[in-house]
Amino acid sequence: FNCLGTNSSGSPNRMEENLKQTLIPNWKNKYSNSEESVRPSVAAIRNSTSCCHVPAPLSTFVVLTLHAALLPLRLSQGIRYKVSVSVLFAFFLSMASKLIGTAPREAENPYELSIRQAFDALESKLRPPFALTVPNPQEYMQLNRAILYGVLCEPHFAKVHIKHLHAIVTDGYALFVSLLVKVVKELYVKLFDSVKNQLIWVTKEMINVSAVGFDGLLVSLLRQIVGGDFSDGNLWLCFELVSLFLGKWDCLLEEEPLVLSSALYTFLRLLADHCRLLTNSKLDVLKCLEIDFCVKMLREQFQLCLKIGRDLIRLLQDLVHVPVFRAIWKDLVLNPSEFKTPGFSDISQLYHLRTSSRYFLTRITPEMETQLRFLLTHVKLGSQKRYQAWFAKKFLFGPERETLIVDIIRFICCGHHPSNEIIQSDIIPRWAVIGWLLKSCQKNHVETNAKLALFYDWLFFYESVDNIMNIEPAMLLMVCSIPRYIDMTHTLLDFLFLLVDNYDVDRKDVIARGVKSAFATLVHKGVVQSLDVLVSCKTLSPYLKERLWKIQVLEVGVPNELHLLHISQHSMETFNLPSPTPCSETERQPARTGEYGLQIKSADEPIAVSDDLVIACHSSPNNGVTFESSV
């Protein structure tokens, strides 16, 4: 009856009422013993469907319907009657997925259907004794799919299925892990709870055998943890994964140490949300585990932590109110030798390590990423409002979901770089989406963190190290907001200069040099023709104009020799770094490096389209860009 739902007015469905009022009473009147005879059937069906994830009310409804459909049969034909019910109900169960729950009228997922069909076709071969023949590539693919479905949907046979997999594997489990990753990316939000339990179990099994690609599986699971979501399911996933990383610490450190840095980034970011919510007793145990893991990483494997880059500092600042992290922060600033990492002697070295976009992706679920990329590659400027409203309704509605805005802005700036073709088209630009997100902030601390995420790469920018696309959205947002949204321009400029003066007073020269370099590069590469568009704005405050004028007339001094902090991507060997120039000297020599040994492409060609965007913004009083909040 629950499956029949309600009509548009909220009253019970007429079919449901008819069934309740006519079907069952009439049935009881005709057959006085029918209620007693049905009870065992209902109980049996409920027991048999407990592992098939058919809701109990649905089980009751199905068996009553089947009994009613078979009323013409004579009671003397009891055997045929029972067999008919069993056959019909078995057919009904065969149509239901044991893996995912689907909404009414929702089309079947092609991937889920493929692995379910593989299981149905090979089910007889998944029970011992197993065949000793070597499968061909196509049979191997189907057998892996069938075993995957069996492991996830048959917990009581899971160990048998895994032994079968061990016996047939020929590729280091690469195919099986890739199938698991696809389940996580495409189906996780729809998986039944028992399937999610099996997913964590089989992930541990893949770690135990050092399966090829298990690090990607762990990262995919980390991405399914939603920031600002305090639902039981989300907190359960947090607990299971942090427990997994602590329990498999030695194995992960030996086999795939880089995945530990992704976990550190994830749990530092989650801790900021979890520690802010003080009234939820469910979080106490989880917070202790998250703190234990993060502190263990920072104290014992700091060379791995350095791979995160400058955003490690941004995350730690959000946790400075937690005593254990306050102690770590003090050591970072005052006593860096405590981390026992040869070559690391000053926090400014971390400032100049650019954070890889793969870390920002850990805080964006695959579904969010898909919708954001669609918005930024297919939606035309002026038609974006409904898409923004849909996105906000799905991902940003909720008491604490607003903190996701910080992660989304960081992803848009550093993780999504549109092609020149997109930039030159009428597709909504990144700066317009970021402006909408900033206007959606309701809490002061979220708005402050969102602005910091927008400007963070400005503070330590050097052209040969950093990517101009990371700082372009903030510049265009300030320029294109004139004159209609001058408050946006004023607020952002004021915040930027506040960062220059106060973010790190002892290293103010490093930050000032970075901001000057950012402005100079934006002008040199043609993102804007000059800073005159800001300096000549009549509605901008004199103080901000003066600060901009000083930046415009002063040359950006970039030291000829820079200290390199080299972190090998494939080796955990120690690295050496000359000590940076002390703060007392006239100029601090900042460290510069590439991104964890990866080749960095500098923006050699000017972005010719950017001026067109600016002109378009000024040529029309209503260019289709609005910053109203949808949250």
# chains A, B, ... in the order shown; residues from 1 in each chain; ligands from 1
call {"tool": "residues_around", "arguments": {"residues": "Lys190 in chain A", "least_positions_apart": "4", "cutoff": "8 Å", "atoms": "only C-alpha atoms", "output": "VMD selection string"}}
result
chain A and resid 100 to 102
call {"tool": "residues_around", "arguments": {"residues": "Leu334 in chain A", "least_positions_apart": "3", "cutoff": "12 Å", "atoms": "only C-alpha atoms", "output": "VMD selection string"}}
result
chain A and resid 326 to 331 337 to 339 345 to 348 506
call {"tool": "write_last_selection", "arguments": {"atoms": "all heavy atoms", "output": "short mmCIF file (atom, residue, chain, number, x, y, z; two decimals), in the first residue's frame"}}
result
data_model
loop_
_atom_site.label_atom_id
_atom_site.label_comp_id
_atom_site.auth_asym_id
_atom_site.auth_seq_id
_atom_site.Cartn_x
_atom_site.Cartn_y
_atom_site.Cartn_z
N ARG A 326 46.04 23.41 17.15
CA ARG A 326 46.70 24.66 17.52
C ARG A 326 48.17 24.40 17.81
O ARG A 326 49.04 25.19 17.43
CB ARG A 326 46.02 25.27 18.74
CG ARG A 326 46.54 26.68 19.10
CD ARG A 326 45.90 27.23 20.36
NE ARG A 326 44.45 27.23 20.24
CZ ARG A 326 43.63 26.59 21.07
NH1 ARG A 326 44.13 25.90 22.08
NH2 ARG A 326 42.32 26.67 20.91
N ALA A 327 48.46 23.27 18.45
CA ALA A 327 49.86 22.91 18.71
C ALA A 327 50.62 22.65 17.41
O ALA A 327 51.78 23.05 17.26
CB ALA A 327 49.90 21.68 19.62
N ILE A 328 49.97 21.99 16.47
CA ILE A 328 50.60 21.74 15.17
C ILE A 328 50.85 23.05 14.45
O ILE A 328 51.91 23.26 13.83
CB ILE A 328 49.71 20.80 14.32
CG1 ILE A 328 49.72 19.39 14.92
CG2 ILE A 328 50.18 20.76 12.87
CD1 ILE A 328 48.76 18.43 14.26
N TRP A 329 49.89 23.96 14.52
CA TRP A 329 50.04 25.26 13.86
C TRP A 329 51.22 26.04 14.45
O TRP A 329 51.99 26.67 13.71
CB TRP A 329 48.74 26.05 14.01
CG TRP A 329 48.79 27.39 13.34
CD1 TRP A 329 48.93 28.60 13.94
CD2 TRP A 329 48.75 27.64 11.94
NE1 TRP A 329 48.96 29.59 13.01
CE2 TRP A 329 48.85 29.03 11.77
CE3 TRP A 329 48.62 26.83 10.82
CZ2 TRP A 329 48.83 29.63 10.51
CZ3 TRP A 329 48.61 27.42 9.58
CH2 TRP A 329 48.70 28.80 9.43
N LYS A 330 51.36 26.00 15.76
CA LYS A 330 52.48 26.70 16.39
C LYS A 330 53.82 26.14 15.93
O LYS A 330 54.77 26.89 15.69
CB LYS A 330 52.35 26.62 17.92
CG LYS A 330 51.24 27.48 18.50
CD LYS A 330 51.20 27.36 20.02
CE LYS A 330 50.11 28.26 20.60
NZ LYS A 330 50.04 28.13 22.09
N ASP A 331 53.89 24.83 15.82
CA ASP A 331 55.13 24.22 15.34
C ASP A 331 55.41 24.59 13.89
O ASP A 331 56.57 24.80 13.51
CB ASP A 331 55.06 22.69 15.48
CG ASP A 331 55.19 22.24 16.93
OD1 ASP A 331 55.70 23.03 17.75
OD2 ASP A 331 54.75 21.12 17.24
N SER A 337 61.20 22.44 12.53
CA SER A 337 62.07 21.27 12.65
C SER A 337 61.40 20.12 13.40
O SER A 337 61.85 18.97 13.33
CB SER A 337 63.38 21.64 13.35
OG SER A 337 63.12 22.11 14.67
N GLU A 338 60.30 20.40 14.12
CA GLU A 338 59.56 19.37 14.84
C GLU A 338 59.00 18.30 13.90
O GLU A 338 58.72 17.19 14.32
CB GLU A 338 58.41 20.00 15.64
CG GLU A 338 58.81 20.61 16.96
CD GLU A 338 59.25 19.54 17.97
OE1 GLU A 338 58.54 18.53 18.11
OE2 GLU A 338 60.30 19.72 18.58
N PHE A 339 58.83 18.67 12.62
CA PHE A 339 58.24 17.72 11.68
C PHE A 339 59.26 16.79 11.06
O PHE A 339 58.90 15.91 10.27
CB PHE A 339 57.49 18.50 10.59
CG PHE A 339 56.33 19.28 11.12
CD1 PHE A 339 56.45 20.64 11.38
CD2 PHE A 339 55.13 18.66 11.39
CE1 PHE A 339 55.39 21.36 11.89
CE2 PHE A 339 54.06 19.37 11.90
CZ PHE A 339 54.19 20.73 12.16
N SER A 345 61.96 24.22 6.36
CA SER A 345 62.41 25.06 7.46
C SER A 345 61.56 26.31 7.65
O SER A 345 61.81 27.08 8.57
CB SER A 345 63.87 25.49 7.23
OG SER A 345 64.00 26.14 5.98
N ASP A 346 60.56 26.51 6.78
CA ASP A 346 59.72 27.70 6.95
C ASP A 346 58.39 27.48 6.25
O ASP A 346 58.32 26.84 5.20
CB ASP A 346 60.40 28.94 6.36
CG ASP A 346 59.66 30.22 6.74
OD1 ASP A 346 59.89 30.71 7.85
OD2 ASP A 346 58.86 30.70 5.92
N ILE A 347 57.33 28.02 6.83
CA ILE A 347 55.99 27.82 6.30
C ILE A 347 55.82 28.43 4.91
O ILE A 347 54.99 28.00 4.12
CB ILE A 347 54.93 28.38 7.28
CG1 ILE A 347 53.54 27.85 6.92
CG2 ILE A 347 54.97 29.89 7.29
CD1 ILE A 347 52.48 28.25 7.92
N SER A 348 56.63 29.44 4.60
CA SER A 348 56.52 30.09 3.28
C SER A 348 56.87 29.13 2.15
O SER A 348 56.43 29.31 1.02
CB SER A 348 57.44 31.31 3.22
OG SER A 348 58.79 30.94 3.32
N ASP A 506 54.22 38.44 9.40
CA ASP A 506 55.66 38.21 9.36
C ASP A 506 56.18 37.99 7.94
O ASP A 506 57.38 38.15 7.69
CB ASP A 506 56.03 37.01 10.22
CG ASP A 506 55.83 37.29 11.70
OD1 ASP A 506 55.86 38.48 12.08
OD2 ASP A 506 55.61 36.32 12.45
#
call {"tool": "closest_residue", "arguments": {"among": "A:Phe497, A:Phe461, A:Tyr111, A:Phe360", "to": "Leu187 in chain A", "atoms": "only C-alpha atoms"}}
result
A:Tyr111
call {"tool": "residues_around", "arguments": {"residues": "Phe495 in chain A", "least_positions_apart": "2", "cutoff": "12 Å", "atoms": "only C-alpha atoms", "output": "mmCIF file with N, CA, C and O atoms, in the first residue's frame"}}
result
data_model
loop_
_atom_site.group_PDB
_atom_site.id
_atom_site.type_symbol
_atom_site.label_atom_id
_atom_site.label_comp_id
_atom_site.auth_asym_id
_atom_site.auth_seq_id
_atom_site.Cartn_x
_atom_site.Cartn_y
_atom_site.Cartn_z
ATOM 1 N N GLU A 447 31.032 33.006 3.960
ATOM 2 C CA GLU A 447 31.369 34.016 2.957
ATOM 3 C C GLU A 447 32.859 34.355 3.010
ATOM 4 O O GLU A 447 33.517 34.505 1.975
ATOM 5 N N THR A 448 33.404 34.477 4.221
ATOM 6 C CA THR A 448 34.833 34.778 4.363
ATOM 7 C C THR A 448 35.687 33.657 3.773
ATOM 8 O O THR A 448 36.642 33.917 3.031
ATOM 9 N N ASN A 449 35.341 32.412 4.086
ATOM 10 C CA ASN A 449 36.102 31.283 3.544
ATOM 11 C C ASN A 449 35.947 31.171 2.032
ATOM 12 O O ASN A 449 36.875 30.746 1.338
ATOM 13 N N ALA A 450 34.773 31.536 1.524
ATOM 14 C CA ALA A 450 34.555 31.491 0.079
ATOM 15 C C ALA A 450 35.431 32.524 -0.634
ATOM 16 O O ALA A 450 36.020 32.240 -1.689
ATOM 17 N N LYS A 451 35.544 33.714 -0.075
ATOM 18 C CA LYS A 451 36.411 34.736 -0.671
ATOM 19 C C LYS A 451 37.879 34.324 -0.579
ATOM 20 O O LYS A 451 38.653 34.568 -1.510
ATOM 21 N N LEU A 452 38.248 33.716 0.535
ATOM 22 C CA LEU A 452 39.625 33.240 0.662
ATOM 23 C C LEU A 452 39.916 32.169 -0.384
ATOM 24 O O LEU A 452 40.997 32.154 -0.985
ATOM 25 N N ALA A 453 38.954 31.264 -0.620
ATOM 26 C CA ALA A 453 39.127 30.238 -1.653
ATOM 27 C C ALA A 453 39.298 30.871 -3.028
ATOM 28 O O ALA A 453 40.063 30.375 -3.863
ATOM 29 N N LEU A 454 38.595 31.963 -3.283
ATOM 30 C CA LEU A 454 38.684 32.656 -4.567
ATOM 31 C C LEU A 454 40.039 33.317 -4.766
ATOM 32 O O LEU A 454 40.611 33.283 -5.863
ATOM 33 N N PHE A 455 40.601 33.915 -3.714
ATOM 34 C CA PHE A 455 41.826 34.703 -3.827
ATOM 35 C C PHE A 455 43.091 33.959 -3.382
ATOM 36 O O PHE A 455 44.175 34.536 -3.424
ATOM 37 N N TYR A 456 42.954 32.705 -2.948
ATOM 38 C CA TYR A 456 44.084 32.073 -2.281
ATOM 39 C C TYR A 456 45.317 31.983 -3.168
ATOM 40 O O TYR A 456 46.438 32.201 -2.711
ATOM 41 N N LEU A 459 47.645 35.170 -3.479
ATOM 42 C CA LEU A 459 48.553 35.569 -2.406
ATOM 43 C C LEU A 459 49.976 35.075 -2.633
ATOM 44 O O LEU A 459 50.925 35.664 -2.109
ATOM 45 N N ALA A 474 38.448 35.664 -10.445
ATOM 46 C CA ALA A 474 38.321 36.766 -9.480
ATOM 47 C C ALA A 474 38.488 38.118 -10.172
ATOM 48 O O ALA A 474 37.756 39.075 -9.873
ATOM 49 N N MET A 478 35.499 41.042 -10.562
ATOM 50 C CA MET A 478 35.607 42.427 -10.092
ATOM 51 C C MET A 478 35.372 43.423 -11.221
ATOM 52 O O MET A 478 34.682 44.434 -11.043
ATOM 53 N N MET A 488 29.955 44.348 -5.218
ATOM 54 C CA MET A 488 30.741 43.130 -5.342
ATOM 55 C C MET A 488 32.205 43.473 -5.575
ATOM 56 O O MET A 488 33.108 42.917 -4.933
ATOM 57 N N THR A 489 32.470 44.407 -6.486
ATOM 58 C CA THR A 489 33.842 44.836 -6.760
ATOM 59 C C THR A 489 34.487 45.418 -5.512
ATOM 60 O O THR A 489 35.632 45.092 -5.169
ATOM 61 N N HIS A 490 33.765 46.290 -4.828
ATOM 62 C CA HIS A 490 34.290 46.944 -3.627
ATOM 63 C C HIS A 490 34.608 45.920 -2.544
ATOM 64 O O HIS A 490 35.680 45.959 -1.912
ATOM 65 N N THR A 491 33.696 44.982 -2.332
ATOM 66 C CA THR A 491 33.879 43.979 -1.282
ATOM 67 C C THR A 491 35.093 43.087 -1.572
ATOM 68 O O THR A 491 35.895 42.803 -0.675
ATOM 69 N N LEU A 492 35.225 42.664 -2.813
ATOM 70 C CA LEU A 492 36.316 41.757 -3.161
ATOM 71 C C LEU A 492 37.676 42.452 -3.078
ATOM 72 O O LEU A 492 38.643 41.888 -2.555
ATOM 73 N N LEU A 493 37.759 43.676 -3.597
ATOM 74 C CA LEU A 493 39.031 44.413 -3.514
ATOM 75 C C LEU A 493 39.410 44.690 -2.068
ATOM 76 O O LEU A 493 40.576 44.560 -1.676
ATOM 77 N N PHE A 497 42.943 43.288 -0.242
ATOM 78 C CA PHE A 497 43.959 44.109 0.416
ATOM 79 C C PHE A 497 44.006 43.839 1.920
ATOM 80 O O PHE A 497 45.055 44.003 2.559
ATOM 81 N N LEU A 498 42.899 43.420 2.474
ATOM 82 C CA LEU A 498 42.904 42.998 3.881
ATOM 83 C C LEU A 498 43.769 41.759 4.063
ATOM 84 O O LEU A 498 44.510 41.637 5.047
ATOM 85 N N LEU A 499 43.704 40.855 3.106
ATOM 86 C CA LEU A 499 44.565 39.667 3.149
ATOM 87 C C LEU A 499 46.036 40.058 3.036
ATOM 88 O O LEU A 499 46.892 39.510 3.743
ATOM 89 N N VAL A 500 46.346 40.976 2.147
ATOM 90 C CA VAL A 500 47.733 41.403 1.965
ATOM 91 C C VAL A 500 48.299 41.948 3.275
ATOM 92 O O VAL A 500 49.444 41.656 3.652
ATOM 93 N N ASP A 501 47.504 42.701 3.997
ATOM 94 C CA ASP A 501 47.984 43.360 5.217
ATOM 95 C C ASP A 501 47.985 42.455 6.437
ATOM 96 O O ASP A 501 48.783 42.659 7.359
ATOM 97 N N ASN A 502 47.095 41.443 6.459
ATOM 98 C CA ASN A 502 46.895 40.723 7.720
ATOM 99 C C ASN A 502 47.010 39.206 7.646
ATOM 100 O O ASN A 502 47.016 38.553 8.694
ATOM 101 N N TYR A 503 47.084 38.622 6.463
ATOM 102 C CA TYR A 503 47.063 37.166 6.395
ATOM 103 C C TYR A 503 48.262 36.554 7.108
ATOM 104 O O TYR A 503 48.119 35.609 7.887
ATOM 105 N N LEU A 544 40.731 52.288 -2.011
ATOM 106 C CA LEU A 544 40.997 51.181 -2.919
ATOM 107 C C LEU A 544 41.670 51.657 -4.196
ATOM 108 O O LEU A 544 42.548 50.976 -4.737
#
call {"tool": "atom_distance", "arguments": {"atom1": "CA of Glu463 in chain A", "atom2": "CA of Ile551 in chain A"}}
result
16.5 Å
call {"tool": "select_by_dssp", "arguments": {"residues": "range 361-438 of chain A", "states": "helix (DSSP H, G or I)", "output": "PyMOL selection string"}}
result
chain A and resi 361+366-378+385-396+401-415+420-423+430-438
call {"tool": "residues_around", "arguments": {"residues": "Met475 in chain A", "least_positions_apart": "3", "cutoff": "12 Å", "atoms": "only C-alpha atoms", "output": "PyMOL selection string"}}
result
chain A and resi 413+430-432+434-435+454-455+458+468-472+478-482+488-489+492-493+496+515+518-523+526-531+533-534+610-611+613-614
call {"tool": "residues_around", "arguments": {"residues": "Leu298 in chain A", "least_positions_apart": "2", "cutoff": "12 Å", "atoms": "only C-alpha atoms", "output": "ChimeraX atom specification"}}
result
/A:260-261,264-265,268,291-296,300-308,312-313,316,324-325,327-329,331-332,336,338-341
call {"tool": "atom_distance", "arguments": {"atom1": "CA of Leu246 in chain A", "atom2": "CA of Ala272 in chain A"}}
result
19.6 Å
call {"tool": "atom_distance", "arguments": {"atom1": "CA of Leu404 in chain A", "atom2": "CA of Arg363 in chain A"}}
result
8.3 Å
call {"tool": "residues_around", "arguments": {"residues": "range 278-288 of chain A", "least_positions_apart": "5", "cutoff": "10 Å", "atoms": "only C-alpha atoms", "output": "VMD selection string"}}
result
chain A and resid 230 232 235 to 236 238 to 240 242 to 243 267 270 to 271 273 293
call {"tool": "write_last_selection", "arguments": {"atoms": "all heavy atoms", "output": "compact mmCIF listing (two decimals), in the first residue's frame"}}
result
# COMPACT_ATOMS: atom_id res chain seq x y z
N PHE A 230 24.99 15.87 7.57
CA PHE A 230 25.05 15.17 8.85
C PHE A 230 24.03 14.04 8.93
O PHE A 230 23.63 13.64 10.03
CB PHE A 230 24.86 16.16 10.00
CG PHE A 230 25.98 17.15 10.12
CD1 PHE A 230 25.91 18.37 9.47
CD2 PHE A 230 27.12 16.85 10.85
CE1 PHE A 230 26.95 19.29 9.57
CE2 PHE A 230 28.15 17.75 10.95
CZ PHE A 230 28.08 18.98 10.31
N ASP A 232 22.66 10.16 8.69
CA ASP A 232 23.25 8.93 9.22
C ASP A 232 24.09 8.21 8.17
O ASP A 232 25.18 7.70 8.47
CB ASP A 232 22.15 7.99 9.74
CG ASP A 232 21.49 8.52 11.00
OD1 ASP A 232 22.09 9.39 11.65
OD2 ASP A 232 20.37 8.06 11.32
N LEU A 235 27.46 10.11 7.65
CA LEU A 235 28.36 9.94 8.79
C LEU A 235 28.86 8.50 8.89
O LEU A 235 30.00 8.26 9.29
CB LEU A 235 27.63 10.33 10.09
CG LEU A 235 27.22 11.81 10.22
CD1 LEU A 235 26.53 12.05 11.55
CD2 LEU A 235 28.43 12.72 10.08
N TRP A 236 28.03 7.54 8.49
CA TRP A 236 28.47 6.14 8.47
C TRP A 236 29.63 5.96 7.50
O TRP A 236 30.62 5.29 7.83
CB TRP A 236 27.30 5.24 8.06
CG TRP A 236 27.70 3.83 7.80
CD1 TRP A 236 27.85 2.82 8.72
CD2 TRP A 236 28.06 3.25 6.53
NE1 TRP A 236 28.26 1.66 8.10
CE2 TRP A 236 28.41 1.89 6.76
CE3 TRP A 236 28.12 3.74 5.24
CZ2 TRP A 236 28.80 1.04 5.74
CZ3 TRP A 236 28.51 2.90 4.21
CH2 TRP A 236 28.84 1.56 4.46
N CYS A 238 31.76 8.25 6.50
CA CYS A 238 32.93 8.90 7.10
C CYS A 238 33.60 7.96 8.10
O CYS A 238 34.83 7.78 8.08
CB CYS A 238 32.52 10.18 7.83
SG CYS A 238 32.02 11.54 6.78
N PHE A 239 32.79 7.37 8.96
CA PHE A 239 33.32 6.49 10.01
C PHE A 239 34.01 5.27 9.40
O PHE A 239 35.11 4.90 9.82
CB PHE A 239 32.17 6.04 10.93
CG PHE A 239 32.60 5.12 12.04
CD1 PHE A 239 33.09 5.62 13.23
CD2 PHE A 239 32.50 3.74 11.88
CE1 PHE A 239 33.49 4.77 14.25
CE2 PHE A 239 32.90 2.89 12.89
CZ PHE A 239 33.39 3.40 14.07
N GLU A 240 33.38 4.65 8.43
CA GLU A 240 33.95 3.45 7.82
C GLU A 240 35.27 3.75 7.13
O GLU A 240 36.23 2.97 7.23
CB GLU A 240 32.96 2.83 6.83
CG GLU A 240 31.73 2.21 7.47
CD GLU A 240 32.07 1.00 8.32
OE1 GLU A 240 33.07 0.31 8.01
OE2 GLU A 240 31.35 0.74 9.30
N VAL A 242 37.43 6.43 7.57
CA VAL A 242 38.53 6.83 8.46
C VAL A 242 39.01 5.62 9.26
O VAL A 242 40.22 5.48 9.52
CB VAL A 242 38.10 7.99 9.38
CG1 VAL A 242 37.13 7.55 10.46
CG2 VAL A 242 39.32 8.65 10.02
N SER A 243 38.11 4.71 9.61
CA SER A 243 38.51 3.47 10.29
C SER A 243 39.36 2.61 9.36
O SER A 243 40.34 1.99 9.78
CB SER A 243 37.28 2.69 10.76
OG SER A 243 36.51 3.44 11.66
N PHE A 267 39.60 14.62 5.26
CA PHE A 267 39.18 14.62 6.66
C PHE A 267 39.50 15.94 7.37
O PHE A 267 38.79 16.32 8.31
CB PHE A 267 39.79 13.43 7.39
CG PHE A 267 39.23 12.12 6.94
CD1 PHE A 267 40.03 11.16 6.35
CD2 PHE A 267 37.88 11.85 7.09
CE1 PHE A 267 39.51 9.95 5.92
CE2 PHE A 267 37.33 10.64 6.66
CZ PHE A 267 38.15 9.69 6.07
N LEU A 270 36.49 17.94 6.33
CA LEU A 270 35.29 17.49 7.03
C LEU A 270 35.31 17.87 8.50
O LEU A 270 34.27 18.19 9.09
CB LEU A 270 35.13 15.97 6.88
CG LEU A 270 34.83 15.46 5.46
CD1 LEU A 270 34.93 13.94 5.43
CD2 LEU A 270 33.46 15.92 5.00
N LEU A 271 36.50 17.81 9.10
CA LEU A 271 36.62 18.16 10.52
C LEU A 271 36.17 19.59 10.79
O LEU A 271 35.61 19.89 11.85
CB LEU A 271 38.05 17.96 11.00
CG LEU A 271 38.38 16.63 11.65
CD1 LEU A 271 39.87 16.51 11.91
CD2 LEU A 271 37.60 16.45 12.95
N ASP A 273 33.78 21.16 9.45
CA ASP A 273 32.32 21.11 9.59
C ASP A 273 31.91 20.38 10.86
O ASP A 273 31.02 20.82 11.59
CB ASP A 273 31.68 20.43 8.38
CG ASP A 273 31.84 21.24 7.10
OD1 ASP A 273 32.04 22.47 7.21
OD2 ASP A 273 31.75 20.65 6.02
N PHE A 293 43.60 10.32 12.89
CA PHE A 293 44.20 10.09 11.57
C PHE A 293 44.97 11.32 11.09
O PHE A 293 46.11 11.20 10.63
CB PHE A 293 43.11 9.73 10.55
CG PHE A 293 43.62 9.65 9.14
CD1 PHE A 293 44.36 8.56 8.71
CD2 PHE A 293 43.40 10.69 8.25
CE1 PHE A 293 44.85 8.49 7.42
CE2 PHE A 293 43.89 10.64 6.95
CZ PHE A 293 44.62 9.54 6.54
call {"tool": "residues_around", "arguments": {"residues": "range 113-120 of chain A", "least_positions_apart": "5", "cutoff": "9 Å", "atoms": "only C-alpha atoms", "output": "short mmCIF file (atom, residue, chain, number, x, y, z; two decimals) with N, CA and C atoms, in the first residue's frame"}}
result
data_model
loop_
_atom_site.label_atom_id
_atom_site.label_comp_id
_atom_site.auth_asym_id
_atom_site.auth_seq_id
_atom_site.Cartn_x
_atom_site.Cartn_y
_atom_site.Cartn_z
N SER A 97 15.68 -5.21 -8.66
CA SER A 97 17.12 -5.15 -8.49
C SER A 97 17.48 -5.37 -7.03
N LYS A 98 18.50 -6.19 -6.79
CA LYS A 98 19.00 -6.39 -5.44
C LYS A 98 20.11 -5.41 -5.10
N LEU A 99 20.49 -4.59 -6.09
CA LEU A 99 21.64 -3.70 -5.92
C LEU A 99 21.24 -2.28 -5.58
N GLU A 108 15.85 1.71 -16.11
CA GLU A 108 16.90 0.89 -15.52
C GLU A 108 18.27 1.46 -15.86
N LEU A 126 28.70 -20.00 -10.32
CA LEU A 126 29.28 -19.27 -9.19
C LEU A 126 29.20 -20.07 -7.89
N GLN A 142 32.63 -11.18 -18.27
CA GLN A 142 31.32 -11.54 -17.75
C GLN A 142 31.43 -12.18 -16.38
N LEU A 143 32.44 -13.00 -16.18
CA LEU A 143 32.62 -13.67 -14.89
C LEU A 143 32.95 -12.65 -13.80
N ASN A 144 33.76 -11.65 -14.11
CA ASN A 144 34.06 -10.60 -13.14
C ASN A 144 32.81 -9.81 -12.79
N ARG A 145 31.98 -9.51 -13.78
CA ARG A 145 30.73 -8.80 -13.51
C ARG A 145 29.81 -9.63 -12.62
N ALA A 146 29.70 -10.91 -12.93
CA ALA A 146 28.83 -11.78 -12.14
C ALA A 146 29.32 -11.90 -10.71
N ILE A 147 30.62 -12.08 -10.53
CA ILE A 147 31.18 -12.18 -9.18
C ILE A 147 30.98 -10.88 -8.41
N LEU A 148 31.15 -9.74 -9.08
CA LEU A 148 30.92 -8.45 -8.43
C LEU A 148 29.49 -8.35 -7.92
N TYR A 149 28.54 -8.70 -8.76
CA TYR A 149 27.14 -8.63 -8.35
C TYR A 149 26.88 -9.60 -7.19
N GLY A 150 27.47 -10.78 -7.25
CA GLY A 150 27.28 -11.74 -6.17
C GLY A 150 27.87 -11.27 -4.86
#
call {"tool": "closest_residue", "arguments": {"among": "A:Ala389, A:Ile364, A:Leu319, A:Ile168", "to": "Ser220 in chain A", "atoms": "only C-alpha atoms"}}
result
A:Ile364
